[in-house]
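Pasting structure-v4.cif here (mmCIF, C-alpha atoms):
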data_entry
#
loop_
_atom_site.label_atom_id
_atom_site.label_comp_id
_atom_site.auth_asym_id
_atom_site.auth_seq_id
_atom_site.Cartn_x
_atom_site.Cartn_y
_atom_site.Cartn_z
CA MET H 1 -0.80 -25.12 12.56
CA TRP H 2 0.80 -23.60 9.46
CA GLN H 3 -0.99 -20.83 7.61
CA LEU H 4 -0.75 -20.99 3.83
CA HIS H 5 -1.32 -17.73 1.99
CA GLN H 6 -2.65 -18.60 -1.47
CA PHE H 7 -5.50 -18.28 -3.97
CA PRO H 8 -7.32 -21.12 -5.77
CA LEU H 9 -5.68 -20.68 -9.19
CA CYS H 10 -2.09 -20.07 -8.01
CA PRO H 11 -0.13 -22.95 -9.61
CA PHE H 12 2.79 -22.60 -7.19
CA SER H 13 0.46 -22.77 -4.19
CA ARG H 14 -1.13 -25.87 -5.77
CA LYS H 15 2.30 -27.54 -6.02
CA VAL H 16 2.91 -26.82 -2.32
CA ARG H 17 -0.61 -27.97 -1.36
CA LEU H 18 -0.15 -31.26 -3.21
CA LEU H 19 3.15 -31.83 -1.40
CA LEU H 20 1.63 -30.98 2.01
CA ALA H 21 -1.27 -33.35 1.32
CA GLU H 22 1.03 -36.19 0.24
CA LYS H 23 3.11 -35.66 3.39
CA GLY H 24 0.08 -35.32 5.65
CA VAL H 25 0.98 -31.80 6.86
CA GLY H 26 -2.06 -29.84 8.01
CA TYR H 27 -2.46 -26.15 7.24
CA GLU H 28 -5.00 -23.37 7.33
CA PRO H 29 -5.47 -21.73 3.91
CA VAL H 30 -5.55 -17.92 3.93
CA ARG H 31 -6.88 -16.20 0.83
CA GLU H 32 -4.39 -13.74 -0.72
CA PHE H 33 -4.78 -12.11 -4.14
CA PRO H 34 -1.22 -11.01 -5.07
CA TRP H 35 -2.50 -8.50 -7.63
CA GLU H 36 -4.04 -6.45 -4.80
CA ARG H 37 -0.48 -5.83 -3.55
CA ARG H 38 -1.57 -5.42 0.08
CA ASP H 39 1.02 -3.61 2.18
CA GLU H 40 0.77 -6.23 4.96
CA PHE H 41 1.52 -9.00 2.47
CA LEU H 42 4.40 -7.11 0.81
CA ASP H 43 5.90 -6.60 4.27
CA ILE H 44 6.01 -10.39 4.64
CA ASN H 45 7.10 -11.15 1.08
CA PRO H 46 8.65 -8.28 -0.89
CA ALA H 47 8.32 -10.43 -4.04
CA GLY H 48 4.54 -10.05 -3.57
CA GLN H 49 3.86 -13.64 -4.61
CA THR H 50 1.99 -16.61 -3.22
CA PRO H 51 2.58 -19.11 -1.68
CA VAL H 52 3.81 -17.97 1.72
CA MET H 53 3.63 -20.16 4.83
CA ILE H 54 3.69 -18.91 8.41
CA GLY H 55 4.28 -21.24 11.33
CA ASP H 56 3.05 -21.06 14.89
CA ARG H 57 6.32 -19.67 16.18
CA GLY H 58 6.55 -17.10 13.40
CA THR H 59 8.67 -19.17 10.97
CA ARG H 60 8.17 -17.72 7.51
CA LEU H 61 8.59 -19.86 4.41
CA ILE H 62 8.55 -17.95 1.15
CA ASP H 63 8.87 -19.18 -2.48
CA SER H 64 7.40 -22.50 -3.57
CA VAL H 65 10.80 -24.14 -4.21
CA ALA H 66 12.07 -23.17 -0.74
CA ILE H 67 8.81 -24.37 0.83
CA CYS H 68 8.91 -27.76 -0.92
CA GLU H 69 12.58 -28.32 0.01
CA TYR H 70 11.74 -27.40 3.62
CA PHE H 71 9.02 -30.02 3.98
CA GLU H 72 11.04 -32.60 2.06
CA GLU H 73 13.84 -32.06 4.60
CA THR H 74 11.64 -32.04 7.70
CA VAL H 75 8.88 -34.61 6.97
CA GLU H 76 9.98 -38.16 6.17
CA LYS H 77 6.61 -39.40 4.88
CA SER H 78 6.20 -39.65 1.07
CA VAL H 79 9.69 -38.81 -0.18
CA MET H 80 9.30 -36.56 -3.24
CA LEU H 81 13.00 -36.01 -4.01
CA GLY H 82 14.22 -39.59 -3.86
CA GLY H 83 17.02 -41.68 -5.39
CA THR H 84 20.62 -40.68 -6.04
CA ALA H 85 21.89 -37.09 -6.22
CA ALA H 86 21.64 -37.36 -10.04
CA ASP H 87 18.04 -38.63 -9.76
CA ARG H 88 17.19 -35.65 -7.56
CA ALA H 89 18.86 -33.29 -10.05
CA GLU H 90 16.60 -34.69 -12.79
CA ILE H 91 13.50 -34.21 -10.60
CA ARG H 92 14.58 -30.64 -9.79
CA ARG H 93 15.25 -29.94 -13.50
CA LEU H 94 11.65 -30.90 -14.29
CA VAL H 95 10.24 -28.91 -11.40
CA ALA H 96 12.09 -25.87 -12.81
CA TRP H 97 10.80 -26.78 -16.29
CA PHE H 98 7.16 -26.70 -15.17
CA ASP H 99 7.60 -23.78 -12.75
CA THR H 100 9.37 -21.67 -15.36
CA GLN H 101 8.81 -22.80 -18.98
CA PHE H 102 5.31 -24.22 -18.66
CA TYR H 103 4.27 -21.30 -16.45
CA ARG H 104 5.74 -18.66 -18.79
CA ASP H 105 4.35 -20.22 -22.00
CA ILE H 106 0.93 -21.41 -20.82
CA THR H 107 -0.23 -20.81 -17.24
CA ALA H 108 0.88 -17.15 -16.97
CA PRO H 109 -0.78 -15.96 -20.22
CA LEU H 110 -3.96 -17.94 -19.40
CA LEU H 111 -4.09 -16.41 -15.90
CA GLN H 112 -3.46 -12.97 -17.39
CA GLU H 113 -6.05 -13.24 -20.17
CA ARG H 114 -8.78 -15.33 -18.54
CA MET H 115 -8.48 -14.41 -14.84
CA GLU H 116 -6.78 -11.03 -14.25
CA LYS H 117 -8.38 -9.34 -17.25
CA ARG H 118 -11.82 -10.51 -16.10
CA ILE H 119 -11.42 -9.88 -12.37
CA VAL H 120 -9.09 -6.88 -12.23
CA HIS H 121 -9.40 -5.04 -15.53
CA ARG H 122 -12.89 -6.15 -16.62
CA ALA H 123 -11.49 -6.47 -20.14
CA ALA H 124 -11.83 -9.11 -22.86
CA PRO H 125 -9.01 -11.63 -23.35
CA ASP H 126 -6.61 -11.29 -26.30
CA ALA H 127 -7.54 -14.16 -28.66
CA ARG H 128 -4.07 -14.24 -30.22
CA LEU H 129 -2.33 -14.71 -26.84
CA LEU H 130 -4.81 -17.45 -25.91
CA ARG H 131 -4.13 -19.27 -29.20
CA GLU H 132 -0.37 -19.05 -28.61
CA ALA H 133 -0.72 -20.44 -25.07
CA MET H 134 -2.83 -23.36 -26.31
CA LYS H 135 -0.32 -24.06 -29.07
CA ALA H 136 2.47 -24.06 -26.48
CA ALA H 137 0.40 -26.47 -24.37
CA VAL H 138 0.41 -28.99 -27.25
CA ALA H 139 4.23 -28.87 -27.37
CA HIS H 140 4.44 -29.34 -23.59
CA LEU H 141 2.03 -32.31 -23.69
CA ASP H 142 4.22 -33.78 -26.47
CA TYR H 143 7.19 -33.48 -24.11
CA ILE H 144 5.24 -35.18 -21.30
CA ASP H 145 4.34 -38.01 -23.73
CA TYR H 146 8.05 -38.30 -24.58
CA LEU H 147 9.06 -38.47 -20.90
CA LEU H 148 6.42 -41.15 -20.23
CA ASP H 149 7.74 -43.22 -23.15
CA HIS H 150 10.88 -43.70 -21.06
CA ARG H 151 9.66 -43.74 -17.47
CA SER H 152 6.62 -44.51 -15.30
CA TRP H 153 6.46 -41.04 -13.79
CA LEU H 154 7.70 -37.70 -15.09
CA GLY H 155 10.82 -37.57 -12.95
CA GLY H 156 11.73 -41.27 -12.92
CA SER H 157 10.46 -44.63 -11.69
CA THR H 158 8.45 -43.26 -8.75
CA MET H 159 6.12 -40.33 -8.22
CA SER H 160 8.09 -37.20 -7.32
CA LEU H 161 7.91 -33.45 -6.95
CA ALA H 162 8.13 -33.28 -10.76
CA ASP H 163 4.67 -34.87 -11.04
CA LEU H 164 3.26 -32.50 -8.43
CA ALA H 165 4.75 -29.44 -10.17
CA ALA H 166 3.38 -30.60 -13.54
CA ALA H 167 -0.09 -31.46 -12.19
CA ALA H 168 -0.25 -28.09 -10.44
CA GLN H 169 0.46 -26.12 -13.63
CA ILE H 170 -1.68 -28.34 -15.85
CA SER H 171 -4.67 -28.25 -13.50
CA VAL H 172 -4.70 -24.43 -13.55
CA ALA H 173 -4.28 -24.34 -17.34
CA ASP H 174 -7.09 -26.93 -17.62
CA TYR H 175 -9.37 -24.87 -15.34
CA LEU H 176 -8.83 -21.95 -17.71
CA GLY H 177 -9.67 -24.03 -20.80
CA GLY H 178 -6.08 -24.19 -22.12
CA ILE H 179 -5.59 -27.97 -22.36
CA ASP H 180 -6.75 -30.22 -25.22
CA TRP H 181 -5.91 -33.88 -24.48
CA LYS H 182 -6.57 -35.03 -28.06
CA SER H 183 -3.77 -37.31 -29.34
CA HIS H 184 -1.93 -37.16 -26.01
CA GLU H 185 -2.94 -40.55 -24.62
CA GLN H 186 0.12 -41.04 -22.42
CA ALA H 187 -0.06 -37.61 -20.84
CA LYS H 188 -3.83 -38.00 -20.39
CA ARG H 189 -3.49 -41.36 -18.62
CA TRP H 190 -0.82 -39.89 -16.32
CA TYR H 191 -2.99 -36.85 -15.54
CA ILE H 192 -6.07 -38.96 -14.81
CA GLY H 193 -3.87 -40.89 -12.37
CA MET H 194 -2.88 -37.63 -10.69
CA LYS H 195 -6.47 -36.33 -10.67
CA SER H 196 -7.75 -39.49 -8.98
CA ARG H 197 -5.39 -39.12 -6.01
CA PRO H 198 -7.19 -38.17 -2.78
CA THR H 199 -4.58 -35.41 -2.35
CA MET H 200 -5.70 -33.72 -5.57
CA ARG H 201 -9.50 -34.01 -5.28
CA PRO H 202 -9.98 -31.11 -2.81
CA LEU H 203 -8.04 -28.72 -5.09
CA LEU H 204 -10.17 -29.67 -8.08
CA ALA H 205 -13.36 -29.08 -6.09
CA GLU H 206 -12.45 -25.44 -5.43
CA ARG H 207 -13.75 -22.62 -7.59
CA MET H 208 -12.41 -19.16 -8.36
CA VAL H 209 -15.31 -16.72 -8.01
CA GLY H 210 -16.53 -15.54 -11.42
CA ILE H 211 -14.62 -18.15 -13.46
CA THR H 212 -16.19 -21.49 -14.37
CA PRO H 213 -13.96 -24.40 -15.46
CA PRO H 214 -14.81 -26.65 -18.47
CA ALA H 215 -17.30 -29.49 -17.90
CA ASP H 216 -14.64 -32.22 -17.73
CA TYR H 217 -12.27 -30.34 -15.42
CA GLU H 218 -12.93 -32.68 -12.48
CA LYS H 219 -13.92 -35.78 -14.46
CA LEU H 220 -11.80 -38.92 -14.46
CA ASP H 221 -13.06 -40.18 -17.86
CA LEU H 222 -11.75 -37.50 -20.19
CA MET X 1 36.17 -33.81 -15.43
CA TRP X 2 32.82 -32.02 -15.67
CA GLN X 3 32.04 -29.96 -18.73
CA LEU X 4 30.14 -26.73 -18.07
CA HIS X 5 28.20 -25.29 -21.00
CA GLN X 6 28.00 -21.53 -20.47
CA PHE X 7 28.80 -18.07 -21.80
CA PRO X 8 30.66 -15.27 -19.98
CA LEU X 9 27.62 -13.08 -19.22
CA CYS X 10 25.18 -15.86 -18.21
CA PRO X 11 24.27 -14.96 -14.59
CA PHE X 12 23.05 -18.49 -13.80
CA SER X 13 26.31 -20.02 -15.06
CA ARG X 14 28.18 -17.49 -12.92
CA LYS X 15 26.26 -18.61 -9.83
CA VAL X 16 27.21 -22.23 -10.58
CA ARG X 17 30.83 -21.30 -11.31
CA LEU X 18 31.12 -19.43 -8.01
CA LEU X 19 29.75 -22.47 -6.18
CA LEU X 20 32.10 -24.87 -8.00
CA ALA X 21 35.07 -22.61 -7.22
CA GLU X 22 34.15 -22.34 -3.51
CA LYS X 23 33.79 -26.12 -3.35
CA GLY X 24 36.97 -26.76 -5.33
CA VAL X 25 35.23 -28.71 -8.12
CA GLY X 26 37.18 -28.59 -11.39
CA TYR X 27 35.41 -28.22 -14.73
CA GLU X 28 36.08 -27.50 -18.37
CA PRO X 29 34.08 -24.52 -19.63
CA VAL X 30 32.39 -25.03 -23.02
CA ARG X 31 31.14 -21.93 -24.82
CA GLU X 32 27.41 -22.05 -25.63
CA PHE X 33 25.36 -19.10 -26.87
CA PRO X 34 21.73 -20.06 -26.06
CA TRP X 35 20.32 -17.56 -28.58
CA GLU X 36 21.85 -19.62 -31.42
CA ARG X 37 19.47 -22.44 -30.42
CA ARG X 38 21.82 -25.19 -31.70
CA ASP X 39 20.02 -28.47 -32.28
CA GLU X 40 22.71 -30.44 -30.42
CA PHE X 41 22.26 -28.22 -27.36
CA LEU X 42 18.45 -28.35 -27.50
CA ASP X 43 18.69 -32.15 -27.62
CA ILE X 44 20.53 -32.01 -24.30
CA ASN X 45 18.39 -29.29 -22.73
CA PRO X 46 14.98 -28.66 -24.31
CA ALA X 47 14.74 -25.46 -22.24
CA GLY X 48 17.64 -24.18 -24.37
CA GLN X 49 19.32 -22.47 -21.43
CA THR X 50 22.74 -22.39 -19.85
CA PRO X 51 24.19 -23.68 -17.56
CA VAL X 52 24.32 -27.40 -18.37
CA MET X 53 26.91 -29.74 -16.87
CA ILE X 54 27.97 -33.08 -18.32
CA GLY X 55 29.98 -35.59 -16.32
CA ASP X 56 32.50 -38.18 -17.45
CA ARG X 57 29.98 -41.00 -17.29
CA GLY X 58 27.32 -38.99 -19.13
CA THR X 59 25.55 -37.57 -16.06
CA ARG X 60 23.64 -34.50 -17.16
CA LEU X 61 22.85 -31.70 -14.75
CA ILE X 62 20.47 -29.07 -16.09
CA ASP X 63 19.11 -25.88 -14.48
CA SER X 64 21.23 -23.80 -12.12
CA VAL X 65 19.13 -24.58 -9.03
CA ALA X 66 19.35 -28.34 -9.66
CA ILE X 67 23.10 -28.05 -10.31
CA CYS X 68 23.76 -26.10 -7.09
CA GLU X 69 21.69 -28.53 -4.99
CA TYR X 70 23.59 -31.45 -6.58
CA PHE X 71 27.03 -30.13 -5.61
CA GLU X 72 25.79 -29.03 -2.19
CA GLU X 73 24.62 -32.62 -1.64
CA THR X 74 27.72 -34.34 -3.02
CA VAL X 75 30.64 -32.08 -1.97
CA GLU X 76 31.07 -31.39 1.74
CA LYS X 77 33.57 -28.54 1.40
CA SER X 78 32.23 -24.97 1.84
CA VAL X 79 28.63 -25.60 2.88
CA MET X 80 26.45 -23.05 1.08
CA LEU X 81 23.04 -24.15 2.41
CA GLY X 82 23.84 -24.37 6.10
CA GLY X 83 21.99 -24.04 9.40
CA THR X 84 18.50 -25.25 10.28
CA ALA X 85 15.80 -26.16 7.75
CA ALA X 86 14.32 -22.68 8.28
CA ASP X 87 17.75 -21.08 7.68
CA ARG X 88 18.05 -23.02 4.43
CA ALA X 89 14.54 -21.93 3.43
CA GLU X 90 15.60 -18.30 3.89
CA ILE X 91 18.74 -18.85 1.77
CA ARG X 92 16.66 -20.54 -0.95
CA ARG X 93 14.11 -17.70 -0.84
CA LEU X 94 16.87 -15.22 -1.57
CA VAL X 95 18.37 -17.38 -4.32
CA ALA X 96 14.93 -17.40 -5.96
CA TRP X 97 14.68 -13.64 -5.39
CA PHE X 98 17.93 -12.95 -7.28
CA ASP X 99 17.37 -15.68 -9.90
CA THR X 100 13.83 -14.48 -10.64
CA GLN X 101 13.09 -10.91 -9.50
CA PHE X 102 16.53 -9.37 -9.92
CA TYR X 103 17.00 -11.22 -13.22
CA ARG X 104 13.58 -10.22 -14.57
CA ASP X 105 13.83 -6.55 -13.52
CA ILE X 106 17.52 -5.84 -14.20
CA THR X 107 19.79 -8.52 -15.68
CA ALA X 108 17.40 -9.77 -18.38
CA PRO X 109 16.57 -6.33 -19.84
CA LEU X 110 20.26 -5.31 -19.69
CA LEU X 111 21.30 -8.52 -21.48
CA GLN X 112 18.54 -7.97 -24.04
CA GLU X 113 19.30 -4.31 -24.69
CA ARG X 114 23.09 -4.19 -24.33
CA MET X 115 24.17 -7.71 -25.42
CA GLU X 116 21.60 -9.47 -27.63
CA LYS X 117 20.61 -6.34 -29.53
CA ARG X 118 24.26 -5.60 -30.26
CA ILE X 119 25.43 -9.14 -31.04
CA VAL X 120 22.36 -10.75 -32.58
CA HIS X 121 20.18 -7.98 -33.98
CA ARG X 122 22.82 -5.24 -34.52
CA ALA X 123 20.26 -2.76 -33.20
CA ALA X 124 20.48 0.14 -30.76
CA PRO X 125 19.28 -0.38 -27.16
CA ASP X 126 15.95 1.06 -26.01
CA ALA X 127 16.87 3.93 -23.67
CA ARG X 128 13.58 3.71 -21.80
CA LEU X 129 14.06 0.03 -20.93
CA LEU X 130 17.62 0.71 -19.79
CA ARG X 131 16.41 3.53 -17.53
CA GLU X 132 13.77 1.25 -16.02
CA ALA X 133 16.34 -1.49 -15.35
CA MET X 134 18.68 0.97 -13.66
CA LYS X 135 15.82 2.33 -11.56
CA ALA X 136 14.93 -1.23 -10.54
CA ALA X 137 18.60 -1.80 -9.61
CA VAL X 138 18.40 1.06 -7.10
CA ALA X 139 15.41 -0.61 -5.41
CA HIS X 140 17.24 -3.94 -5.30
CA LEU X 141 20.37 -2.35 -3.81
CA ASP X 142 18.11 -0.72 -1.20
CA TYR X 143 16.84 -4.20 -0.34
CA ILE X 144 20.41 -5.53 -0.06
CA ASP X 145 21.25 -2.60 2.26
CA TYR X 146 18.20 -3.52 4.34
CA LEU X 147 19.23 -7.19 4.56
CA LEU X 148 22.77 -6.20 5.60
CA ASP X 149 21.37 -3.96 8.36
CA HIS X 150 20.20 -7.17 10.02
CA ARG X 151 22.83 -9.76 9.09
CA SER X 152 26.49 -10.18 8.12
CA TRP X 153 25.71 -11.90 4.82
CA LEU X 154 22.62 -11.77 2.62
CA GLY X 155 21.21 -15.13 3.73
CA GLY X 156 22.24 -15.07 7.38
CA SER X 157 25.33 -15.09 9.61
CA THR X 158 27.59 -16.93 7.15
CA MET X 159 28.24 -16.73 3.42
CA SER X 160 25.74 -18.82 1.50
CA LEU X 161 24.31 -19.58 -1.91
CA ALA X 162 22.27 -16.37 -1.54
CA ASP X 163 25.50 -14.31 -1.72
CA LEU X 164 26.69 -16.26 -4.76
CA ALA X 165 23.33 -15.86 -6.56
CA ALA X 166 23.33 -12.11 -5.81
CA ALA X 167 26.97 -11.57 -6.82
CA ALA X 168 26.34 -13.50 -10.06
CA GLN X 169 23.41 -11.30 -11.09
CA ILE X 170 25.01 -8.05 -9.90
CA SER X 171 28.32 -8.75 -11.64
CA VAL X 172 26.56 -9.21 -15.00
CA ALA X 173 24.43 -6.09 -14.46
CA ASP X 174 27.61 -4.20 -13.46
CA TYR X 175 29.44 -5.42 -16.60
CA LEU X 176 26.58 -3.98 -18.64
CA GLY X 177 26.73 -0.61 -16.86
CA GLY X 178 23.49 -1.07 -14.91
CA ILE X 179 24.75 -0.58 -11.34
CA ASP X 180 25.31 2.74 -9.59
CA TRP X 181 26.69 2.22 -6.08
CA LYS X 182 26.07 5.82 -4.99
CA SER X 183 24.40 5.95 -1.54
CA HIS X 184 24.49 2.16 -1.17
CA GLU X 185 27.49 1.88 1.18
CA GLN X 186 26.44 -1.39 2.81
CA ALA X 187 25.73 -3.18 -0.48
CA LYS X 188 28.96 -1.78 -1.95
CA ARG X 189 31.08 -3.02 0.97
CA TRP X 190 29.48 -6.46 0.69
CA TYR X 191 30.06 -6.57 -3.08
CA ILE X 192 33.72 -5.50 -2.75
CA GLY X 193 34.09 -8.39 -0.32
CA MET X 194 32.61 -10.76 -2.89
CA LYS X 195 34.74 -9.31 -5.71
CA SER X 196 37.94 -9.75 -3.74
CA ARG X 197 37.39 -13.49 -3.27
CA PRO X 198 39.83 -15.63 -5.30
CA THR X 199 36.80 -17.58 -6.54
CA MET X 200 35.34 -14.47 -8.20
CA ARG X 201 38.49 -12.93 -9.75
CA PRO X 202 38.64 -15.27 -12.80
CA LEU X 203 35.02 -14.49 -13.73
CA LEU X 204 35.67 -10.77 -13.55
CA ALA X 205 38.74 -11.12 -15.79
CA GLU X 206 36.67 -12.62 -18.64
CA ARG X 207 35.33 -10.50 -21.46
CA MET X 208 32.37 -10.92 -23.78
CA VAL X 209 33.59 -10.20 -27.32
CA GLY X 210 32.35 -6.83 -28.56
CA ILE X 211 31.18 -5.56 -25.16
CA THR X 212 33.48 -3.59 -22.85
CA PRO X 213 32.63 -3.26 -19.16
CA PRO X 214 32.90 0.07 -17.26
CA ALA X 215 36.35 1.10 -16.00
CA ASP X 216 35.69 0.12 -12.36
CA TYR X 217 34.11 -3.28 -13.15
CA GLU X 218 37.07 -5.23 -11.72
CA LYS X 219 38.30 -2.61 -9.25
CA LEU X 220 38.19 -3.17 -5.51
CA ASP X 221 38.15 0.56 -4.63
CA LEU X 222 34.83 1.65 -6.11
#
Represent the structure of the file as structure tokens.
Amino acid sequence: MWQLHQFPLCPFSRKVRLLLAEKGVGYEPVREFPWERRDEFLDINPAGQTPVMIGDRGTRLIDSVAICEYFEETVEKSVMLGGTAADRAEIRRLVAWFDTQFYRDITAPLLQERMEKRIVHRAAPDARLLREAMKAAVAHLDYIDYLLDHRSWLGGSTMSLADLAAAAQISVADYLGGIDWKSHEQAKRWYIGMKSRPTMRPLLAERMVGITPPADYEKLDL
Amino acid sequence: MWQLHQFPLCPFSRKVRLLLAEKGVGYEPVREFPWERRDEFLDINPAGQTPVMIGDRGTRLIDSVAICEYFEETVEKSVMLGGTAADRAEIRRLVAWFDTQFYRDITAPLLQERMEKRIVHRAAPDARLLREAMKAAVAHLDYIDYLLDHRSWLGGSTMSLADLAAAAQISVADYLGGIDWKSHEQAKRWYIGMKSRPTMRPLLAERMVGITPPADYEKLDL
């Protein structure tokens, strides 16, 4: 069975876990806190980041994009990069959008201010950075509303890796109190749909020690 | 014919241009400076980043990873993601390494300090940040040496997208005076090999107005 090195609030590990669940690939989760920079982990992945997957015969898969492409290529069930080459390019554009822009503007500062500062530095969060992240979240939810004006799912007419990448980032931002659904009905309906999937429930049930999510984090009636 | 929106020192556009050249795909380059944040460009790509490709029938390809996967899927010539699924995962890991780590540690600060500050802000570069970038470059060249101890090319036994992603980042860092090849014989030999390819020569002949590269930037005898 695959080992997946991750921690509960790693958005890139969540994207991979959602894909593995949709495809029915079993794995054993192994807790890894990248900020500890363990030598053994850096030997496996010099980038020092989760997720990393290790197979029975020593196969190492590193980087969430590489991991998702690997399982998309090797497991037929639940195609997540479907359609024409242009359709797949649009899905991959949105995966990059959530992995890079959403992460940089929202998830990364929230993780820094509300997780790392509490756990690693035992310091108070910077209120200005939190406000900026939450303001950025409004703009990103606007963009999700815009996408859903034109399509059923974020990447096109069917659920795709774009939805998994978005739900992964949003769920971490939501855990850390960074998401306000007010006046984002379309995005909210889409996210409730994602939350209600059996593949997403186990992730939402997990807790990061020392950090409590908002009351409606797991709820389906926001 | 495809239009490619780019600027001469965009490392991600260089990666795409190297791939298009290896695959023999023609394109018309269109100059776009992302820091101008033109409304027309933001309408096409809300991320505001180059490269963007636009096809004759309006097909839009956005994000360098999505663009490379598109042409790898649609053009058989010069396979750049070859081998088994695990081989491809290793190539994609290294592409992400150069696109993310190398860019963050070296190319991005060099572009900020030696291009944007000069062109946009008309300010002097921060010597401390430049020193840090050049120190990071030494560590990255060490890693390239290490990879080449074990394989003929960065991603495995044949040239792949990993080599193109690395050459793209390194060539921009080199243009901006951030690379010192001293005591990196393996990496230097590999890079001279990349530089001497007919697909790379046109990129090296281009100049960014107002910024002159070092004397040996184009030379094959470093």
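Atom CA of Gln3 of chain H sits 16.5 Å away from atom CA of Gly48 of chain H.
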Give me the result of the PyMOL selection byres ((chain X) within 9 of (chain H)) on this file, residue by residue, as a VMD selection string. chain X and resid 47 59 to 67 69 to 71 73 to 74 85 to 86 88 to 94 96 to 97 101
Care to translate the PyMOL selection byres ((chain X and resi 22-37) around 6) into actual residues of this file, as a list of chain:residue names?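 Checking the PyMOL selection byres ((chain X and resi 22-37) around 6) against this file, the residues are X:Met1, X:Trp2, X:Gln3, X:Leu4, X:His5, X:Gln6, X:Phe7, X:Leu19, X:Leu20, X:Ala21, X:Arg38, X:Gln49, X:Lys77, X:Ser78.
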Care to translate the PyMOL selection byres ((chain X and resi 146-153) around 12) into actual residues of this file, as a CSV table (one decimal) with C-alpha atoms, in the coordinates of the input?
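Output file part_17.csv is given in full below:
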chain,number,residue,atom,x,y,z
H,46,PRO,CA,8.6,-8.3,-0.9
X,80,MET,CA,26.4,-23.0,1.1
X,90,GLU,CA,15.6,-18.3,3.9
X,91,ILE,CA,18.7,-18.8,1.8
X,94,LEU,CA,16.9,-15.2,-1.6
X,139,ALA,CA,15.4,-0.6,-5.4
X,140,HIS,CA,17.2,-3.9,-5.3
X,141,LEU,CA,20.4,-2.4,-3.8
X,142,ASP,CA,18.1,-0.7,-1.2
X,143,TYR,CA,16.8,-4.2,-0.3
X,144,ILE,CA,20.4,-5.5,-0.1
X,145,ASP,CA,21.2,-2.6,2.3
X,154,LEU,CA,22.6,-11.8,2.6
X,155,GLY,CA,21.2,-15.1,3.7
X,156,GLY,CA,22.2,-15.1,7.4
X,157,SER,CA,25.3,-15.1,9.6
X,158,THR,CA,27.6,-16.9,7.2
X,159,MET,CA,28.2,-16.7,3.4
X,160,SER,CA,25.7,-18.8,1.5
X,161,LEU,CA,24.3,-19.6,-1.9
X,162,ALA,CA,22.3,-16.4,-1.5
X,163,ASP,CA,25.5,-14.3,-1.7
X,164,LEU,CA,26.7,-16.3,-4.8
X,166,ALA,CA,23.3,-12.1,-5.8
X,167,ALA,CA,27.0,-11.6,-6.8
X,184,HIS,CA,24.5,2.2,-1.2
X,185,GLU,CA,27.5,1.9,1.2
X,186,GLN,CA,26.4,-1.4,2.8
X,187,ALA,CA,25.7,-3.2,-0.5
X,188,LYS,CA,29.0,-1.8,-2.0
X,189,ARG,CA,31.1,-3.0,1.0
X,190,TRP,CA,29.5,-6.5,0.7
X,191,TYR,CA,30.1,-6.6,-3.1
X,193,GLY,CA,34.1,-8.4,-0.3
X,194,MET,CA,32.6,-10.8,-2.9
Tell me which protein, DNA and RNA residues are within 10 Å of Thr212 of chain H, counting all atoms listed in the file, leaving out same-chain ones fewer than 4 positions away, and put them as a list of chain:residue names.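 Listing them by chain and then by number gives H:Tyr175, H:Leu176, H:Gly177, H:Arg207, H:Met208, H:Tyr217.
Here atom CA of Met134 of chain H stands at a distance of 5.4 Å from atom CA of Gly178 of chain H.
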Enter the distance from atom CA of Ala123 of chain X to atom CA of Pro109 of chain X, in Å, rounded to one decimal. 14.3 Å
Distance query Gln169 of chain H at most 9 Å, all atoms listed in the file, self and fewer than 2 positions along chain excluded, as a VMD selection string: chain H and resid 10 to 12 14 to 15 98 to 99 102 to 103 106 to 107 164 to 167 171 to 174
